[in-house]
Structure formats: C-alpha cells, structure tokens
$ cat start-v7.pdb   # PDB, C-alpha atoms
MODEL        1
ATOM      1  CA  MET A   1      65.709 190.192 309.545
ATOM      2  CA  PHE A   2      67.407 187.493 311.637
ATOM      3  CA  TYR A   3      67.668 185.241 308.569
ATOM      4  CA  ARG A   4      69.322 187.968 306.483
ATOM      5  CA  PHE A   5      71.796 188.726 309.272
ATOM      6  CA  ILE A   6      72.764 185.040 309.581
ATOM      7  CA  TYR A   7      72.833 184.716 305.786
ATOM      8  CA  PHE A   8      75.350 187.528 305.282
ATOM      9  CA  LEU A   9      77.445 186.475 308.269
ATOM     10  CA  ILE A  10      77.755 182.895 307.023
ATOM     11  CA  ARG A  11      78.317 184.050 303.453
ATOM     12  CA  ILE A  12      81.335 186.103 304.505
ATOM     13  CA  ILE A  13      82.825 183.108 306.350
ATOM     14  CA  ALA A  14      81.756 180.044 304.369
ATOM     15  CA  THR A  15      82.141 181.247 300.762
ATOM     16  CA  PRO A  16      85.945 181.684 300.876
ATOM     17  CA  LEU A  17      86.467 178.925 303.464
ATOM     18  CA  PHE A  18      84.836 176.239 301.315
ATOM     19  CA  ARG A  19      85.522 177.947 297.968
ATOM     20  CA  ILE A  20      81.828 177.773 297.079
ATOM     21  CA  ARG A  21      80.904 178.022 293.407
ATOM     22  CA  VAL A  22      77.265 178.080 292.298
ATOM     23  CA  HIS A  23      76.401 176.904 288.777
ATOM     24  CA  GLY A  24      73.022 177.283 287.051
ATOM     25  CA  ILE A  25      71.767 180.412 288.807
ATOM     26  CA  GLU A  26      69.714 181.106 285.667
ATOM     27  CA  ASN A  27      67.551 178.082 286.579
ATOM     28  CA  ILE A  28      66.223 179.750 289.749
ATOM     29  CA  PRO A  29      62.662 181.040 289.199
ATOM     30  CA  LYS A  30      62.511 184.788 289.797
ATOM     31  CA  ASP A  31      59.189 185.415 291.544
ATOM     32  CA  GLU A  32      57.641 181.963 291.738
ATOM     33  CA  LYS A  33      57.225 179.483 294.549
ATOM     34  CA  TYR A  34      59.271 176.291 294.399
ATOM     35  CA  ILE A  35      60.534 173.436 296.538
ATOM     36  CA  ILE A  36      64.280 172.895 296.856
ATOM     37  CA  CYS A  37      65.552 169.312 297.000
ATOM     38  CA  ALA A  38      69.244 168.561 297.517
ATOM     39  CA  ASN A  39      71.495 165.607 298.258
ATOM     40  CA  HIS A  40      72.651 165.313 301.856
ATOM     41  CA  LYS A  41      76.047 164.181 303.138
ATOM     42  CA  SER A  42      76.926 166.788 305.765
ATOM     43  CA  PHE A  43      75.440 169.128 308.355
ATOM     44  CA  LEU A  44      76.908 171.892 306.154
ATOM     45  CA  ASP A  45      74.469 171.164 303.310
ATOM     46  CA  PRO A  46      71.671 173.494 304.540
ATOM     47  CA  ILE A  47      74.233 176.302 304.734
ATOM     48  CA  PHE A  48      75.446 175.662 301.182
ATOM     49  CA  VAL A  49      71.878 175.514 299.836
ATOM     50  CA  ALA A  50      70.885 178.724 301.643
ATOM     51  CA  LEU A  51      73.919 180.530 300.217
ATOM     52  CA  ALA A  52      72.964 179.469 296.670
ATOM     53  CA  ILE A  53      69.493 181.033 296.904
ATOM     54  CA  ASN A  54      68.915 184.742 297.438
ATOM     55  CA  ARG A  55      65.585 184.191 299.228
ATOM     56  CA  GLN A  56      64.839 182.720 302.631
ATOM     57  CA  VAL A  57      64.685 178.937 302.573
ATOM     58  CA  HIS A  58      62.465 177.249 305.162
ATOM     59  CA  PHE A  59      64.079 173.880 305.838
ATOM     60  CA  ILE A  60      62.460 170.750 307.201
ATOM     61  CA  ALA A  61      64.725 169.612 310.065
ATOM     62  CA  LYS A  62      64.639 166.502 312.243
ATOM     63  CA  LYS A  63      62.859 166.939 315.579
ATOM     64  CA  GLU A  64      65.924 165.859 317.542
ATOM     65  CA  LEU A  65      67.652 169.109 316.588
ATOM     66  CA  PHE A  66      64.867 171.056 318.306
ATOM     67  CA  GLU A  67      65.725 169.277 321.571
ATOM     68  CA  ILE A  68      69.105 171.054 321.755
ATOM     69  CA  PRO A  69      68.343 174.338 323.615
ATOM     70  CA  ILE A  70      70.565 176.785 321.698
ATOM     71  CA  LEU A  71      69.911 175.150 318.343
ATOM     72  CA  ARG A  72      66.162 175.047 319.019
ATOM     73  CA  ASN A  73      66.027 178.829 319.400
ATOM     74  CA  ILE A  74      68.019 179.381 316.202
ATOM     75  CA  LEU A  75      65.877 176.926 314.203
ATOM     76  CA  LYS A  76      62.688 178.572 315.417
ATOM     77  CA  LYS A  77      63.978 182.014 314.445
ATOM     78  CA  LEU A  78      64.833 180.606 311.028
ATOM     79  CA  ASN A  79      61.284 179.188 310.776
ATOM     80  CA  ALA A  80      62.498 175.612 310.279
ATOM     81  CA  ILE A  81      59.824 172.898 310.326
ATOM     82  CA  PRO A  82      60.410 169.990 312.769
ATOM     83  CA  ALA A  83      59.890 166.476 311.396
ATOM     84  CA  GLN A  84      60.112 162.899 312.605
ATOM     85  CA  ARG A  85      62.718 160.783 310.866
ATOM     86  CA  ASP A  86      60.306 157.941 310.099
ATOM     87  CA  GLY A  87      58.360 160.204 307.734
ATOM     88  CA  LYS A  88      55.015 159.498 309.436
ATOM     89  CA  ASP A  89      54.491 163.030 310.727
ATOM     90  CA  LEU A  90      51.471 164.278 308.748
ATOM     91  CA  SER A  91      51.617 167.719 310.378
ATOM     92  CA  VAL A  92      54.909 168.346 308.540
ATOM     93  CA  LEU A  93      53.202 167.744 305.211
ATOM     94  CA  ARG A  94      50.342 170.076 306.129
ATOM     95  CA  ASP A  95      52.677 172.797 307.454
ATOM     96  CA  SER A  96      54.865 172.523 304.362
ATOM     97  CA  ILE A  97      51.930 172.895 301.974
ATOM     98  CA  LYS A  98      50.606 175.908 303.944
ATOM     99  CA  LEU A  99      54.042 177.526 303.828
ATOM    100  CA  ILE A 100      54.343 177.057 300.053
ATOM    101  CA  LYS A 101      50.864 178.444 299.473
ATOM    102  CA  LYS A 102      52.038 181.635 301.202
ATOM    103  CA  GLY A 103      54.713 181.940 298.503
ATOM    104  CA  LYS A 104      57.592 180.761 300.720
ATOM    105  CA  ILE A 105      60.494 178.554 299.630
ATOM    106  CA  LEU A 106      60.635 175.087 301.200
ATOM    107  CA  GLY A 107      63.943 173.219 301.537
ATOM    108  CA  ILE A 108      63.942 169.418 301.750
ATOM    109  CA  PHE A 109      66.664 166.791 301.850
ATOM    110  CA  PRO A 110      64.676 163.853 300.392
ATOM    111  CA  GLU A 111      67.011 161.289 301.927
ATOM    112  CA  GLY A 112      65.794 162.436 305.346
ATOM    113  CA  THR A 113      69.231 162.155 306.915
ATOM    114  CA  ARG A 114      72.884 162.305 305.935
ATOM    115  CA  VAL A 115      73.838 159.377 303.707
ATOM    116  CA  LYS A 116      77.062 157.728 302.620
ATOM    117  CA  GLU A 117      75.726 155.554 299.802
ATOM    118  CA  ILE A 118      74.082 156.916 296.666
ATOM    119  CA  LYS A 119      70.977 154.874 295.903
ATOM    120  CA  ARG A 120      67.363 155.544 294.945
ATOM    121  CA  GLU A 121      66.112 153.568 297.959
ATOM    122  CA  ASN A 122      67.336 156.364 300.236
ATOM    123  CA  ILE A 123      64.901 158.845 298.701
ATOM    124  CA  LYS A 124      61.587 159.395 300.481
ATOM    125  CA  ASP A 125      58.544 160.383 298.442
ATOM    126  CA  GLY A 126      57.387 163.145 300.845
ATOM    127  CA  ALA A 127      58.738 165.941 298.645
ATOM    128  CA  GLY A 128      56.823 164.488 295.706
ATOM    129  CA  TYR A 129      53.627 164.447 297.768
ATOM    130  CA  ILE A 130      54.091 168.071 298.848
ATOM    131  CA  ALA A 131      54.879 169.107 295.266
ATOM    132  CA  LEU A 132      51.732 167.419 293.935
ATOM    133  CA  LYS A 133      49.388 168.727 296.618
ATOM    134  CA  SER A 134      50.707 172.290 296.405
ATOM    135  CA  LYS A 135      51.145 172.150 292.598
ATOM    136  CA  THR A 136      54.712 173.354 292.989
ATOM    137  CA  ASP A 137      57.756 172.538 290.867
ATOM    138  CA  ILE A 138      60.981 171.174 292.372
ATOM    139  CA  LEU A 139      64.318 172.968 292.035
ATOM    140  CA  THR A 140      67.064 170.394 292.503
ATOM    141  CA  ILE A 141      70.514 171.291 293.801
ATOM    142  CA  GLU A 142      73.418 168.883 293.527
ATOM    143  CA  ILE A 143      76.140 169.460 296.115
ATOM    144  CA  ILE A 144      79.633 168.178 295.390
ATOM    145  CA  SER A 145      82.077 168.833 298.200
ATOM    146  CA  SER A 146      84.792 167.234 300.301
ATOM    147  CA  TYR A 147      83.480 169.436 303.156
ATOM    148  CA  LYS A 148      87.085 170.290 303.980
ATOM    149  CA  PRO A 149      88.228 173.895 304.413
ATOM    150  CA  PHE A 150      89.903 175.443 301.348
ATOM    151  CA  PHE A 151      88.778 172.628 299.026
ATOM    152  CA  LYS A 152      86.230 173.405 296.301
ATOM    153  CA  THR A 153      82.494 173.085 296.880
ATOM    154  CA  ASN A 154      80.329 173.097 293.759
ATOM    155  CA  LEU A 155      76.576 173.571 293.779
ATOM    156  CA  TYR A 156      74.738 172.723 290.575
ATOM    157  CA  ILE A 157      71.234 174.186 290.298
ATOM    158  CA  LYS A 158      69.255 172.108 287.812
ATOM    159  CA  ASN A 159      66.296 173.018 285.628
ATOM    160  CA  LEU A 160      62.926 172.491 287.312
ATOM    161  CA  VAL A 161      61.169 169.177 287.794
ATOM    162  CA  LYS A 162      57.823 170.290 286.343
ATOM    163  CA  ILE A 163      54.852 168.862 288.212
ATOM    164  CA  GLU A 164      52.521 169.366 285.243
ATOM    165  CA  ASN A 165      54.481 166.660 283.401
ATOM    166  CA  PHE A 166      53.094 164.056 285.811
ATOM    167  CA  LYS A 167      49.397 164.985 285.867
ATOM    168  CA  GLU A 168      48.447 161.950 283.747
ATOM    169  CA  TYR A 169      49.635 159.572 286.490
ATOM    170  CA  LYS A 170      47.834 158.441 289.622
ATOM    171  CA  SER A 171      49.106 160.134 292.791
ATOM    172  CA  LYS A 172      51.335 157.296 294.014
ATOM    173  CA  ASP A 173      52.917 156.732 290.588
ATOM    174  CA  ALA A 174      53.315 160.487 290.090
ATOM    175  CA  MET A 175      55.129 160.869 293.437
ATOM    176  CA  GLU A 176      57.498 158.038 292.566
ATOM    177  CA  LYS A 177      58.266 159.370 289.107
ATOM    178  CA  ILE A 178      58.751 162.928 290.406
ATOM    179  CA  MET A 179      61.285 161.656 292.915
ATOM    180  CA  ASP A 180      62.947 159.453 290.278
ATOM    181  CA  GLU A 181      63.644 162.574 288.224
ATOM    182  CA  THR A 182      64.676 164.535 291.313
ATOM    183  CA  TYR A 183      67.091 161.758 292.302
ATOM    184  CA  GLU A 184      68.646 161.710 288.822
ATOM    185  CA  LYS A 185      69.211 165.473 288.950
ATOM    186  CA  MET A 186      70.527 165.332 292.526
ATOM    187  CA  TYR A 187      73.267 162.913 291.543
ATOM    188  CA  GLU A 188      73.796 163.705 287.868
ATOM    189  CA  ASN A 189      77.472 164.542 288.376
ATOM    190  CA  HIS A 190      77.999 161.807 290.990
ATOM    191  CA  LYS A 191      77.516 158.947 288.511
ATOM    192  CA  PHE A 192      81.072 157.717 288.946
ATOM    193  CA  LEU A 193      80.316 157.140 292.663
ATOM    194  CA  ARG A 194      77.143 155.145 292.206
ATOM    195  CA  LYS A 195      76.823 151.613 293.454
ATOM    196  CA  VAL A 196      75.655 149.269 290.714
TER     197      VAL A 196
ENDMDL
END

$ encode --input "start-v7.pdb" --output "structure tokens"
Amino acid sequence: MFYRFIYFLIRIIATPLFRIRVHGIENIPKDEKYIICANHKSFLDPIFVALAINRQVHFIAKKELFEIPILRNILKKLNAIPAQRDGKDLSVLRDSIKLIKKGKILGIFPEGTRVKEIKRENIKDGAGYIALKSKTDILTIEIISSYKPFFKTNLYIKNLVKIENFKEYKSKDAMEKIMDETYEKMYENHKFLRKV
C-alpha cells in the first residue's frame, strides 16, 4: 500500500520533470520472478527503475542509508535490503534468494555504488550468484539520462539474460559470464562513452 502510494506520487512528479520514456516494455515477464540489474550514475536511478516496472521492486541499498533516521523508515517501509559496500555481507545474498523464492522482484545495481567510468571491473558478481542460486533470469535496464530537469531520460528494458544458458559452466565461470552479458546489455547504447 505504502509502495503504491509512493509509486503514483513520484510518477506524477518525475515522469514529466525528467521526460521519462520507457522502451522495451514487451521484454518484462508478465507473471514470472526476475532480478532487475541496471547501471548506476545517480541517486535517481532507483526511482527511474521503479517507474519502469509495474510491480514492487525490492532494492538492495547500502547500509549507510539506513543510518539516516527519516530515510531508514522509508527504506524499511519499501522493504529495501541493507547491504555492506564491500560485498562480503552473506546475509544479503540469503535474504535476496528468500525474497525471490517468494515471487518478489529484486532490484540490484551491480556496480554497488554510483560510478562515473564505464568499465567491466566495476561490476560485482553478486547478482550472478543470486541468479544462479535462485534459478532466476536477469532483466537488464539501461538508463540514459543527464539527470537534469526537463531533459530526456530513456530507459531501455532488454531481453532476459537466461540463466539456463550457463548451466554447462562451473559456478564461478557461470557468474562471470552472466555478469559479462548483463554488463553488455546495461551499456549497449553507451558504447560511445566507453573507455578503451
């Protein structure tokens, strides 16, 4: 209830303010579980991702955000999952897998924090691990925005990264290859910005 209220409130404000356009809606699975992975440059990214999906997204958020009193209460009401930045918090992986097994949608920014440079080294393999263990496909969203009011924001929803395509690999190799494909989809339209 709280999520839907916030969703519609933000939609009314953010959609015209940032001229949000969502492409590839047909790629969103109708009644299936999936993990959302998106590129991350701004604190606005979770808002943009949530607006692109017509189901509640349970985001993994850094623990520091839960230390801010007002924000902590909002994040808890939105059922966000707190995580350490170093990626060594095993409880996050367990909580994420449990959540997915209940049919919920998990939202992850694989870079772990906002980034300025586009490079594969920024991508953590945690989403790949969760996808493998929960046998859940990844829905990648590419965000292209200046993050300035009244300038266009485009969200490109890609076709699924299918976990079954990696079952022949050992776990570590599978995680890496899953995130390789996720990375490529996350920055498919950013190629002109890439550092060689």

$ atom_distance --input "start-v7.pdb" --atom1 "atom CA of A:Gly128" --atom2 "atom CA of A:Ala174"
7.7 Å

$ resolve_selection --input "start-v7.pdb" --expression "the PyMOL selection byres ((chain A and resi 162) around 10)" --output "JSON, numbers by chain"
{"A": [131, 135, 136, 137, 138, 139, 159, 160, 161, 163, 164, 165, 166, 167, 178, 181]}

$ resolve_selection --input "start-v7.pdb" --expression "the PyMOL selection byres ((chain A and resi 42) around 9)" --output "ChimeraX atom specification"
/A:40-41,43-46,114-115,147

$ closest_residue --input "start-v7.pdb" --among "A:Ser145, A:Tyr169, A:Gln56, A:Tyr34" --to "A:Phe8" --atoms "only C-alpha atoms"
A:Gln56

$ resolve_selection --input "start-v7.pdb" --expression "the PyMOL selection byres ((chain A and resi 108) around 8)" --output "tab-separated table (two decimals) with C-alpha atoms, keeping the file's coordinate frame"
chain	number	residue	atom	x	y	z
A	35	ILE	CA	60.53	173.44	296.54
A	36	ILE	CA	64.28	172.90	296.86
A	37	CYS	CA	65.55	169.31	297.00
A	38	ALA	CA	69.24	168.56	297.52
A	59	PHE	CA	64.08	173.88	305.84
A	60	ILE	CA	62.46	170.75	307.20
A	106	LEU	CA	60.64	175.09	301.20
A	107	GLY	CA	63.94	173.22	301.54
A	109	PHE	CA	66.66	166.79	301.85
A	110	PRO	CA	64.68	163.85	300.39
A	127	ALA	CA	58.74	165.94	298.64

$ residues_near_point --input "start-v7.pdb" --point "(67.3, 177.8, 291.8)" --cutoff "7 Å" --atoms "only C-alpha atoms" --output "mmCIF file with C-alpha atoms, keeping the file's coordinate frame"
data_model
loop_
_atom_site.group_PDB
_atom_site.id
_atom_site.type_symbol
_atom_site.label_atom_id
_atom_site.label_comp_id
_atom_site.auth_asym_id
_atom_site.auth_seq_id
_atom_site.Cartn_x
_atom_site.Cartn_y
_atom_site.Cartn_z
ATOM 1 C CA ILE A 25 71.767 180.412 288.807
ATOM 2 C CA ASN A 27 67.551 178.082 286.579
ATOM 3 C CA ILE A 28 66.223 179.750 289.749
ATOM 4 C CA PRO A 29 62.662 181.040 289.199
ATOM 5 C CA ILE A 53 69.493 181.033 296.904
ATOM 6 C CA LEU A 139 64.318 172.968 292.035
ATOM 7 C CA ILE A 157 71.234 174.186 290.298
#

$ closest_residue --input "start-v7.pdb" --among "A:Ile123, A:Ile12, A:Met179, A:Ala61" --to "A:Lys76" --atoms "only C-alpha atoms"
A:Ala61

$ atom_distance --input "start-v7.pdb" --atom1 "atom CA of A:Leu99" --atom2 "atom CA of A:Pro82"
13.3 Å

$ closest_residue --input "start-v7.pdb" --among "A:Asp125, A:Ala14, A:Ile105, A:Ser96" --to "A:Lys30" --atoms "all atoms listed in the file"
A:Ile105

$ atom_distance --input "start-v7.pdb" --atom1 "atom CA of A:Tyr187" --atom2 "atom CA of A:Glu142"
6.3 Å

$ closest_residue --input "start-v7.pdb" --among "A:Phe2, A:Ser91, A:Glu117, A:Val49" --to "A:Ile74" --atoms "all atoms listed in the file"
A:Phe2

$ axis_aligned_box --input "start-v7.pdb" --around "stretch 143-162 of chain A" --padding-each-side "5 Å" --output "lines of an AutoDock Vina configuration file"
center_x = 73.9
center_y = 171.3
center_z = 295.0
size_x = 42.1
size_y = 18.2
size_z = 28.8

$ closest_residue --input "start-v7.pdb" --among "A:Leu78, A:Leu17, A:Ile130, A:Leu51" --to "A:Ile97" --atoms "all atoms listed in the file"
A:Ile130

$ decode --input "start-v7.pdb" --residues "stretch 89-105 of chain A" --atoms "N, CA and C atoms" --output "PDB file, in the first residue's frame"
ATOM      1  N   ASP A  89      28.738  -9.266   2.731  1.00  0.00           N
ATOM      2  CA  ASP A  89      27.603  -9.489   3.612  1.00  0.00           C
ATOM      3  C   ASP A  89      26.776 -10.667   3.087  1.00  0.00           C
ATOM      4  N   LEU A  90      27.021 -11.857   3.618  1.00  0.00           N
ATOM      5  CA  LEU A  90      26.348 -13.067   3.143  1.00  0.00           C
ATOM      6  C   LEU A  90      24.851 -13.070   3.436  1.00  0.00           C
ATOM      7  N   SER A  91      24.442 -12.343   4.484  1.00  0.00           N
ATOM      8  CA  SER A  91      23.018 -12.296   4.825  1.00  0.00           C
ATOM      9  C   SER A  91      22.210 -11.641   3.705  1.00  0.00           C
ATOM     10  N   VAL A  92      22.824 -10.717   2.975  1.00  0.00           N
ATOM     11  CA  VAL A  92      22.143 -10.056   1.855  1.00  0.00           C
ATOM     12  C   VAL A  92      21.833 -11.074   0.764  1.00  0.00           C
ATOM     13  N   LEU A  93      22.793 -11.946   0.502  1.00  0.00           N
ATOM     14  CA  LEU A  93      22.593 -12.975  -0.520  1.00  0.00           C
ATOM     15  C   LEU A  93      21.464 -13.914  -0.103  1.00  0.00           C
ATOM     16  N   ARG A  94      21.484 -14.324   1.161  1.00  0.00           N
ATOM     17  CA  ARG A  94      20.441 -15.226   1.663  1.00  0.00           C
ATOM     18  C   ARG A  94      19.066 -14.552   1.626  1.00  0.00           C
ATOM     19  N   ASP A  95      19.002 -13.311   2.102  1.00  0.00           N
ATOM     20  CA  ASP A  95      17.723 -12.578   2.117  1.00  0.00           C
ATOM     21  C   ASP A  95      17.190 -12.358   0.701  1.00  0.00           C
ATOM     22  N   SER A  96      18.104 -12.093  -0.223  1.00  0.00           N
ATOM     23  CA  SER A  96      17.708 -11.852  -1.610  1.00  0.00           C
ATOM     24  C   SER A  96      17.121 -13.112  -2.239  1.00  0.00           C
ATOM     25  N   ILE A  97      17.769 -14.239  -1.994  1.00  0.00           N
ATOM     26  CA  ILE A  97      17.297 -15.513  -2.552  1.00  0.00           C
ATOM     27  C   ILE A  97      15.931 -15.878  -1.959  1.00  0.00           C
ATOM     28  N   LYS A  98      15.769 -15.669  -0.650  1.00  0.00           N
ATOM     29  CA  LYS A  98      14.474 -15.938   0.008  1.00  0.00           C
ATOM     30  C   LYS A  98      13.373 -15.078  -0.612  1.00  0.00           C
ATOM     31  N   LEU A  99      13.688 -13.804  -0.823  1.00  0.00           N
ATOM     32  CA  LEU A  99      12.717 -12.868  -1.381  1.00  0.00           C
ATOM     33  C   LEU A  99      12.273 -13.305  -2.776  1.00  0.00           C
ATOM     34  N   ILE A 100      13.241 -13.713  -3.604  1.00  0.00           N
ATOM     35  CA  ILE A 100      12.926 -14.141  -4.972  1.00  0.00           C
ATOM     36  C   ILE A 100      12.074 -15.403  -4.959  1.00  0.00           C
ATOM     37  N   LYS A 101      12.398 -16.310  -4.048  1.00  0.00           N
ATOM     38  CA  LYS A 101      11.643 -17.563  -3.971  1.00  0.00           C
ATOM     39  C   LYS A 101      10.187 -17.337  -3.552  1.00  0.00           C
ATOM     40  N   LYS A 102       9.908 -16.173  -2.983  1.00  0.00           N
ATOM     41  CA  LYS A 102       8.528 -15.812  -2.638  1.00  0.00           C
ATOM     42  C   LYS A 102       7.818 -15.157  -3.829  1.00  0.00           C
ATOM     43  N   GLY A 103       8.536 -15.071  -4.963  1.00  0.00           N
ATOM     44  CA  GLY A 103       7.942 -14.486  -6.164  1.00  0.00           C
ATOM     45  C   GLY A 103       8.087 -12.984  -6.263  1.00  0.00           C
ATOM     46  N   LYS A 104       8.944 -12.394  -5.413  1.00  0.00           N
ATOM     47  CA  LYS A 104       9.148 -10.939  -5.415  1.00  0.00           C
ATOM     48  C   LYS A 104      10.194 -10.544  -6.464  1.00  0.00           C
ATOM     49  N   ILE A 105      10.201  -9.257  -6.796  1.00  0.00           N
ATOM     50  CA  ILE A 105      11.164  -8.722  -7.761  1.00  0.00           C
ATOM     51  C   ILE A 105      12.309  -8.041  -7.014  1.00  0.00           C
TER      52      ILE A 105
END
